[in-house]
Amino acid sequence: MYAYTYDKQTGGLLLTSSPLAFSKEPRPVYYKELDILGFDRYWDYSKNDMYPYMWAEANNYYYRGRKIAQTKGGSCYTAPEIVILENPEPNGEPLRFVDIPAMVEKNKGILDGLVQDTIKKTYNIYEKYKNKVDVFYVAFSGGKDSVVALDIVQRALPHNSFAVLFGDTGMEFPDTYTVIDQIEQKCEEDGIKFLKSKSRYSPEYTWRKFGPPSQTMRWCCSVHKTTPQILLLRKVTRNSHFRGMAFTGIRGDESISRSEYDDVSLGEKVKGQYSCHPILEWNSAELFSYIFERGLIINETYKKGNSRAGCLVCPLAASKNMFFKEKSYAHKSPNGGLSTKVFNDIIIETTAKEFSTPSAVKEFMNIGGWKARRSGKELSFAKTLCIENFEKGILTITILAQSTDWRQWIKTVGDITYLGDENVEIMYEGFPYIVTHKKTTTGEVFTVPIATNTKRDIYFMSALKTIFRKSAYCIGCGVCQANCPNGFISFHDGNVEIDDKCVKCRKCHEIDYGCLLANSMRLPKGEKKMGSVDRYGNMGVEYEWVKKYFDKKNEFWSSAHGLGTNMVKYLRSFLNDSGVTEKGKFTAFGAVIDRIGIDSVVAWALLVCNLSYTSEYNWWIKNTVVDQTYTTEAILSMLGDDMSKNSKSHIVSAYKNIFISTPQVGKDLGLGICDYEIRNGRRYLNSITRGSWQSPDPRVILYSLYKFAEECGGYYQFTLGRLLNHEIDSEGVSPTEIFGLNRDQMEKLLTGLSVNYPEFINASFTLDLDNITLRSEKTSQDVLMLF
């Protein structure tokens, strides 16, 4: 909220009354972090962690207002490189601690105003919602943000009006468990109820069953955190329909996506539940000033260089943080919790990659290749247990193994009548479907004739596929149980039971691929054929080339343009791919882009809508995750082993040049924000961060929706949930995937489009139902007339 500077006198942070547009998230640096990195080879300091010595912003280290060092690189087993910029103290004298008491005193005036406003806001939210909510609780993780959020809430509300809930994933930092013990004791002293939730399964078990979580397959949060919390709160409130409000430590400065949160949201973190974010607008300078002023607990993991205290081995962790974790937690800690070795061993044990030497294993872990897994193909044990086929109006589903009883799951589809020999009539939305069941030597086969191709038929087939996937794969992780708003799903001795009172809301179906385990095991049906990813060589296509073309259009090819042979070759491919030209001739789409202006973000957004169906852009969109940073080595690993090292290097170079030279695509649309250096006139890439389009033009989204519908074979009716599910095999590419848009953003965009362009689209969002209908008489070309 407030800007900050570094105070030379105290060595601390000094808050100012100016508003802060963007925080670099400064954090205190203690001697343990300096030791781990190897700064003790250069500097003299006491091994005492009562106070920090300096501050860090990302990889930059600041001592009494001066940037004195930075680190580069770093990975799981490789230390970051240290670059000393200047000596902290003259003549090698010992480092001085940050004068925390003096820093606190200097910040007191500004901080007090911020704190009082936050306490007042928290109390007012409680008063507004206390008759709408069954249970208020602080979602406590043991990290700095939740420590501050808890302190604010306990100052704002009566202690008997809320609880503290710790979701123990079993994957926490060992030092976090020490914090939990201290907070639990403090809550007991203060008369605050303290709750702990935990999955019925250990993480060692689930990692071996699901495969290690990845950036696109984060089953771990649902299985180990959200689900156990919901089930515990149902038990505590004795209410399956309970409506809770979680006070979280979420802050907008922590990531691009979190900056879009509102102070209070419904269903943003947990479906059907409120979330309140008291410190959403705080930055870390204010956060640490408050922690020091109040003498709050600081998790020891921060003193060891870790910027976050979440799960110990996480697919979202940056490479440098992986190194800090390995140095401190490679072996079992007396604090409790698992070691990184436990998880690292499972990663190597379950990967489909084969390693000939220990150095190959080390390289795989260093680049974090496991984090990019997108299917069961990369696992050594994945297999298909449910085969689906739709041909000539007959849907056939074969279950090769049955983990839980399909007769239970089928209750969630519709009203069931058994017709003998376990053939079933399912009444779905007032229409009867007959499912024939036959046992074979290899499994169980279910067939059902589908006479038409209505929206009802499509949704029925989807529901039927879902319940048979559940039957084949379910291990009782509890996610379906938590999704059921009525508490009609339960598990006993590994068997599922669906209450006969099931209302067929099918909330239990609203999970990736219908079952998280089935999704994690899913084997790809085959790669989409759209040409080589090595589409534009090692050059990519740069903005200035495209601009030169638009200056002359069709005359460009015969004019003196100053581009080399390969540049022209790649530019020609790009213009055809994007729809600007067809067989080298300027198109009507190109004219629209020209009218908007090639320097416009909107023009490039339209180009990307088309390019997302061509190899190079499609690969990037499909294989990267919003808010994640990818090193060069990680991208090379993600490109797979069936491509030469030279080709992979060319592709990375092409992405670098595309994103850097065209900021409309890289920065504004968020496809690739590059961290790079220029040495001897050449760009050297460190990493690329996938972001999102912060101010999307609704017309572009409408164009993308029509492209999606057309590529899906005229699929003009769908749900927002379908657009947000990027794991479905589909010819169409959803605008949410292209531009990194979340549910809340899409609801606002779609609602606005329905009001402003009813001749193109109707979208409604009521009672947790979402329906999107595009006017089938319109086309994506018609949408272009709106520009």
# chains A, B, ... in the order shown; residues from 1 in each chain; ligands from 1

call {"tool": "residues_around", "arguments": {"residues": "range 557-572 of chain A", "least_positions_apart": "6", "cutoff": "12 Å", "atoms": "only C-alpha atoms", "output": "ChimeraX atom specification"}}
result
/A:534-551,578-586,616,654,658

call {"tool": "closest_atom_pairs", "arguments": {"of": "range 635-692 of chain A", "to": "range 719-742 of chain A", "cutoff": "12 Å", "atoms": "only C-alpha atoms", "output": "JSON lines"}}
result
{"residue": "A:Val665", "atom": "CA", "partner": "A:Phe739", "partner_atom": "CA", "distance": 10.2}
{"residue": "A:Gly666", "atom": "CA", "partner": "A:Phe739", "partner_atom": "CA", "distance": 11.2}
{"residue": "A:Lys667", "atom": "CA", "partner": "A:Phe739", "partner_atom": "CA", "distance": 11.6}
{"residue": "A:Asp668", "atom": "CA", "partner": "A:Phe739", "partner_atom": "CA", "distance": 10.2}
{"residue": "A:Leu669", "atom": "CA", "partner": "A:Phe739", "partner_atom": "CA", "distance": 6.6}
{"residue": "A:Gly670", "atom": "CA", "partner": "A:Phe739", "partner_atom": "CA", "distance": 7.3}
{"residue": "A:Leu671", "atom": "CA", "partner": "A:Phe739", "partner_atom": "CA", "distance": 7.4}
{"residue": "A:Gly672", "atom": "CA", "partner": "A:Phe739", "partner_atom": "CA", "distance": 11.1}
{"residue": "A:Arg690", "atom": "CA", "partner": "A:Gly740", "partner_atom": "CA", "distance": 8.6}
{"residue": "A:Gly691", "atom": "CA", "partner": "A:Gly740", "partner_atom": "CA", "distance": 6.9}
{"residue": "A:Ser692", "atom": "CA", "partner": "A:Gly740", "partner_atom": "CA", "distance": 4.6}

call {"tool": "residues_around", "arguments": {"residues": "range 503-512 of chain A", "least_positions_apart": "4", "cutoff": "8 Å", "atoms": "only C-alpha atoms", "output": "MDAnalysis selection string"}}
result
chainID A and resid 411:414 463 466:467 479:481 483:485 516 519 725 727

call {"tool": "residues_around", "arguments": {"residues": "Ile701 in chain A", "least_positions_apart": "5", "cutoff": "9 Å", "atoms": "only C-alpha atoms", "output": "list of chain:residue names"}}
result
A:Leu606, A:Cys609, A:Pro696, A:Tyr706, A:Pro735, A:Thr736, A:Leu749, A:Leu750

call {"tool": "residues_around", "arguments": {"residues": "range 220-225 of chain A", "least_positions_apart": "3", "cutoff": "9 Å", "atoms": "only C-alpha atoms", "output": "PyMOL selection string"}}
result
chain A and resi 167-171+197-203+206-207+212-213+217+228-230+477-479+516

call {"tool": "residues_around", "arguments": {"residues": "Asp697 in chain A", "least_positions_apart": "3", "cutoff": "10 Å", "atoms": "only C-alpha atoms", "output": "number ranges by chain"}}
result
A: 601-602, 605-606, 693-694, 700-702, 749

call {"tool": "decode", "arguments": {"residues": "range 220-233 of chain A", "atoms": "all heavy atoms", "output": "PDB file, in the first residue's frame"}}
result
ATOM      1  N   CYS A 220      -2.459 -32.049  -5.484  1.00  0.00           N
ATOM      2  CA  CYS A 220      -2.047 -32.072  -4.070  1.00  0.00           C
ATOM      3  C   CYS A 220      -2.850 -31.103  -3.209  1.00  0.00           C
ATOM      4  O   CYS A 220      -3.202 -31.417  -2.063  1.00  0.00           O
ATOM      5  CB  CYS A 220      -0.560 -31.764  -3.962  1.00  0.00           C
ATOM      6  SG  CYS A 220      -0.045 -30.350  -4.973  1.00  0.00           S
ATOM      7  N   CYS A 221      -3.149 -29.909  -3.735  1.00  0.00           N
ATOM      8  CA  CYS A 221      -3.879 -28.908  -2.943  1.00  0.00           C
ATOM      9  C   CYS A 221      -5.285 -29.413  -2.601  1.00  0.00           C
ATOM     10  O   CYS A 221      -5.746 -29.261  -1.467  1.00  0.00           O
ATOM     11  CB  CYS A 221      -3.963 -27.587  -3.703  1.00  0.00           C
ATOM     12  SG  CYS A 221      -2.366 -26.794  -3.946  1.00  0.00           S
ATOM     13  N   SER A 222      -5.953 -30.005  -3.595  1.00  0.00           N
ATOM     14  CA  SER A 222      -7.313 -30.515  -3.356  1.00  0.00           C
ATOM     15  C   SER A 222      -7.297 -31.693  -2.393  1.00  0.00           C
ATOM     16  O   SER A 222      -8.113 -31.767  -1.469  1.00  0.00           O
ATOM     17  CB  SER A 222      -7.953 -30.947  -4.683  1.00  0.00           C
ATOM     18  OG  SER A 222      -8.125 -29.845  -5.530  1.00  0.00           O
ATOM     19  N   VAL A 223      -6.382 -32.630  -2.595  1.00  0.00           N
ATOM     20  CA  VAL A 223      -6.360 -33.863  -1.811  1.00  0.00           C
ATOM     21  C   VAL A 223      -5.880 -33.620  -0.388  1.00  0.00           C
ATOM     22  O   VAL A 223      -6.454 -34.157   0.570  1.00  0.00           O
ATOM     23  CB  VAL A 223      -5.477 -34.925  -2.508  1.00  0.00           C
ATOM     24  CG1 VAL A 223      -5.268 -36.140  -1.609  1.00  0.00           C
ATOM     25  CG2 VAL A 223      -6.106 -35.342  -3.828  1.00  0.00           C
ATOM     26  N   HIS A 224      -4.842 -32.809  -0.241  1.00  0.00           N
ATOM     27  CA  HIS A 224      -4.202 -32.686   1.070  1.00  0.00           C
ATOM     28  C   HIS A 224      -4.582 -31.433   1.851  1.00  0.00           C
ATOM     29  O   HIS A 224      -4.284 -31.359   3.039  1.00  0.00           O
ATOM     30  CB  HIS A 224      -2.675 -32.756   0.918  1.00  0.00           C
ATOM     31  CG  HIS A 224      -2.169 -34.140   0.687  1.00  0.00           C
ATOM     32  ND1 HIS A 224      -2.068 -35.078   1.685  1.00  0.00           N
ATOM     33  CD2 HIS A 224      -1.771 -34.756  -0.445  1.00  0.00           C
ATOM     34  CE1 HIS A 224      -1.609 -36.208   1.190  1.00  0.00           C
ATOM     35  NE2 HIS A 224      -1.423 -36.045  -0.100  1.00  0.00           N
ATOM     36  N   LYS A 225      -5.212 -30.469   1.203  1.00  0.00           N
ATOM     37  CA  LYS A 225      -5.523 -29.247   1.944  1.00  0.00           C
ATOM     38  C   LYS A 225      -7.018 -28.932   1.945  1.00  0.00           C
ATOM     39  O   LYS A 225      -7.678 -28.988   2.979  1.00  0.00           O
ATOM     40  CB  LYS A 225      -4.739 -28.065   1.368  1.00  0.00           C
ATOM     41  CG  LYS A 225      -4.720 -26.852   2.294  1.00  0.00           C
ATOM     42  CD  LYS A 225      -3.439 -26.065   2.150  1.00  0.00           C
ATOM     43  CE  LYS A 225      -3.227 -25.151   3.335  1.00  0.00           C
ATOM     44  NZ  LYS A 225      -1.872 -24.576   3.364  1.00  0.00           N
ATOM     45  N   THR A 226      -7.559 -28.604   0.774  1.00  0.00           N
ATOM     46  CA  THR A 226      -8.942 -28.136   0.708  1.00  0.00           C
ATOM     47  C   THR A 226      -9.937 -29.183   1.193  1.00  0.00           C
ATOM     48  O   THR A 226     -10.809 -28.890   2.028  1.00  0.00           O
ATOM     49  CB  THR A 226      -9.290 -27.729  -0.734  1.00  0.00           C
ATOM     50  OG1 THR A 226      -8.306 -26.814  -1.215  1.00  0.00           O
ATOM     51  CG2 THR A 226     -10.656 -27.092  -0.785  1.00  0.00           C
ATOM     52  N   THR A 227      -9.816 -30.398   0.689  1.00  0.00           N
ATOM     53  CA  THR A 227     -10.775 -31.456   1.042  1.00  0.00           C
ATOM     54  C   THR A 227     -10.780 -31.768   2.535  1.00  0.00           C
ATOM     55  O   THR A 227     -11.848 -31.772   3.165  1.00  0.00           O
ATOM     56  CB  THR A 227     -10.498 -32.723   0.219  1.00  0.00           C
ATOM     57  OG1 THR A 227     -10.868 -32.462  -1.132  1.00  0.00           O
ATOM     58  CG2 THR A 227     -11.279 -33.919   0.736  1.00  0.00           C
ATOM     59  N   PRO A 228      -9.629 -32.027   3.161  1.00  0.00           N
ATOM     60  CA  PRO A 228      -9.656 -32.291   4.604  1.00  0.00           C
ATOM     61  C   PRO A 228     -10.230 -31.139   5.425  1.00  0.00           C
ATOM     62  O   PRO A 228     -10.908 -31.358   6.431  1.00  0.00           O
ATOM     63  CB  PRO A 228      -8.176 -32.523   4.950  1.00  0.00           C
ATOM     64  CG  PRO A 228      -7.551 -32.972   3.673  1.00  0.00           C
ATOM     65  CD  PRO A 228      -8.272 -32.212   2.603  1.00  0.00           C
ATOM     66  N   GLN A 229      -9.982 -29.896   4.979  1.00  0.00           N
ATOM     67  CA  GLN A 229     -10.519 -28.743   5.702  1.00  0.00           C
ATOM     68  C   GLN A 229     -12.044 -28.709   5.635  1.00  0.00           C
ATOM     69  O   GLN A 229     -12.719 -28.497   6.648  1.00  0.00           O
ATOM     70  CB  GLN A 229      -9.930 -27.450   5.131  1.00  0.00           C
ATOM     71  CG  GLN A 229      -8.472 -27.230   5.499  1.00  0.00           C
ATOM     72  CD  GLN A 229      -7.928 -25.931   4.925  1.00  0.00           C
ATOM     73  OE1 GLN A 229      -8.435 -25.404   3.942  1.00  0.00           O
ATOM     74  NE2 GLN A 229      -6.877 -25.421   5.531  1.00  0.00           N
ATOM     75  N   ILE A 230     -12.590 -28.926   4.441  1.00  0.00           N
ATOM     76  CA  ILE A 230     -14.055 -28.908   4.288  1.00  0.00           C
ATOM     77  C   ILE A 230     -14.695 -30.016   5.114  1.00  0.00           C
ATOM     78  O   ILE A 230     -15.697 -29.797   5.821  1.00  0.00           O
ATOM     79  CB  ILE A 230     -14.432 -29.052   2.803  1.00  0.00           C
ATOM     80  CG1 ILE A 230     -14.063 -27.773   2.041  1.00  0.00           C
ATOM     81  CG2 ILE A 230     -15.929 -29.335   2.643  1.00  0.00           C
ATOM     82  CD1 ILE A 230     -14.279 -27.858   0.559  1.00  0.00           C
ATOM     83  N   LEU A 231     -14.127 -31.212   5.059  1.00  0.00           N
ATOM     84  CA  LEU A 231     -14.700 -32.345   5.802  1.00  0.00           C
ATOM     85  C   LEU A 231     -14.641 -32.105   7.305  1.00  0.00           C
ATOM     86  O   LEU A 231     -15.580 -32.453   8.042  1.00  0.00           O
ATOM     87  CB  LEU A 231     -13.974 -33.640   5.428  1.00  0.00           C
ATOM     88  CG  LEU A 231     -14.106 -34.071   3.953  1.00  0.00           C
ATOM     89  CD1 LEU A 231     -13.350 -35.372   3.707  1.00  0.00           C
ATOM     90  CD2 LEU A 231     -15.568 -34.221   3.547  1.00  0.00           C
ATOM     91  N   LEU A 232     -13.545 -31.498   7.772  1.00  0.00           N
ATOM     92  CA  LEU A 232     -13.445 -31.202   9.201  1.00  0.00           C
ATOM     93  C   LEU A 232     -14.466 -30.146   9.611  1.00  0.00           C
ATOM     94  O   LEU A 232     -15.130 -30.276  10.658  1.00  0.00           O
ATOM     95  CB  LEU A 232     -12.033 -30.727   9.540  1.00  0.00           C
ATOM     96  CG  LEU A 232     -11.813 -30.278  10.994  1.00  0.00           C
ATOM     97  CD1 LEU A 232     -12.075 -31.427  11.969  1.00  0.00           C
ATOM     98  CD2 LEU A 232     -10.405 -29.723  11.195  1.00  0.00           C
ATOM     99  N   LEU A 233     -14.630 -29.098   8.804  1.00  0.00           N
ATOM    100  CA  LEU A 233     -15.575 -28.035   9.146  1.00  0.00           C
ATOM    101  C   LEU A 233     -17.016 -28.533   9.124  1.00  0.00           C
ATOM    102  O   LEU A 233     -17.855 -28.080   9.901  1.00  0.00           O
ATOM    103  CB  LEU A 233     -15.399 -26.842   8.205  1.00  0.00           C
ATOM    104  CG  LEU A 233     -14.102 -26.050   8.412  1.00  0.00           C
ATOM    105  CD1 LEU A 233     -13.900 -25.030   7.294  1.00  0.00           C
ATOM    106  CD2 LEU A 233     -14.097 -25.351   9.770  1.00  0.00           C
TER     107      LEU A 233
END
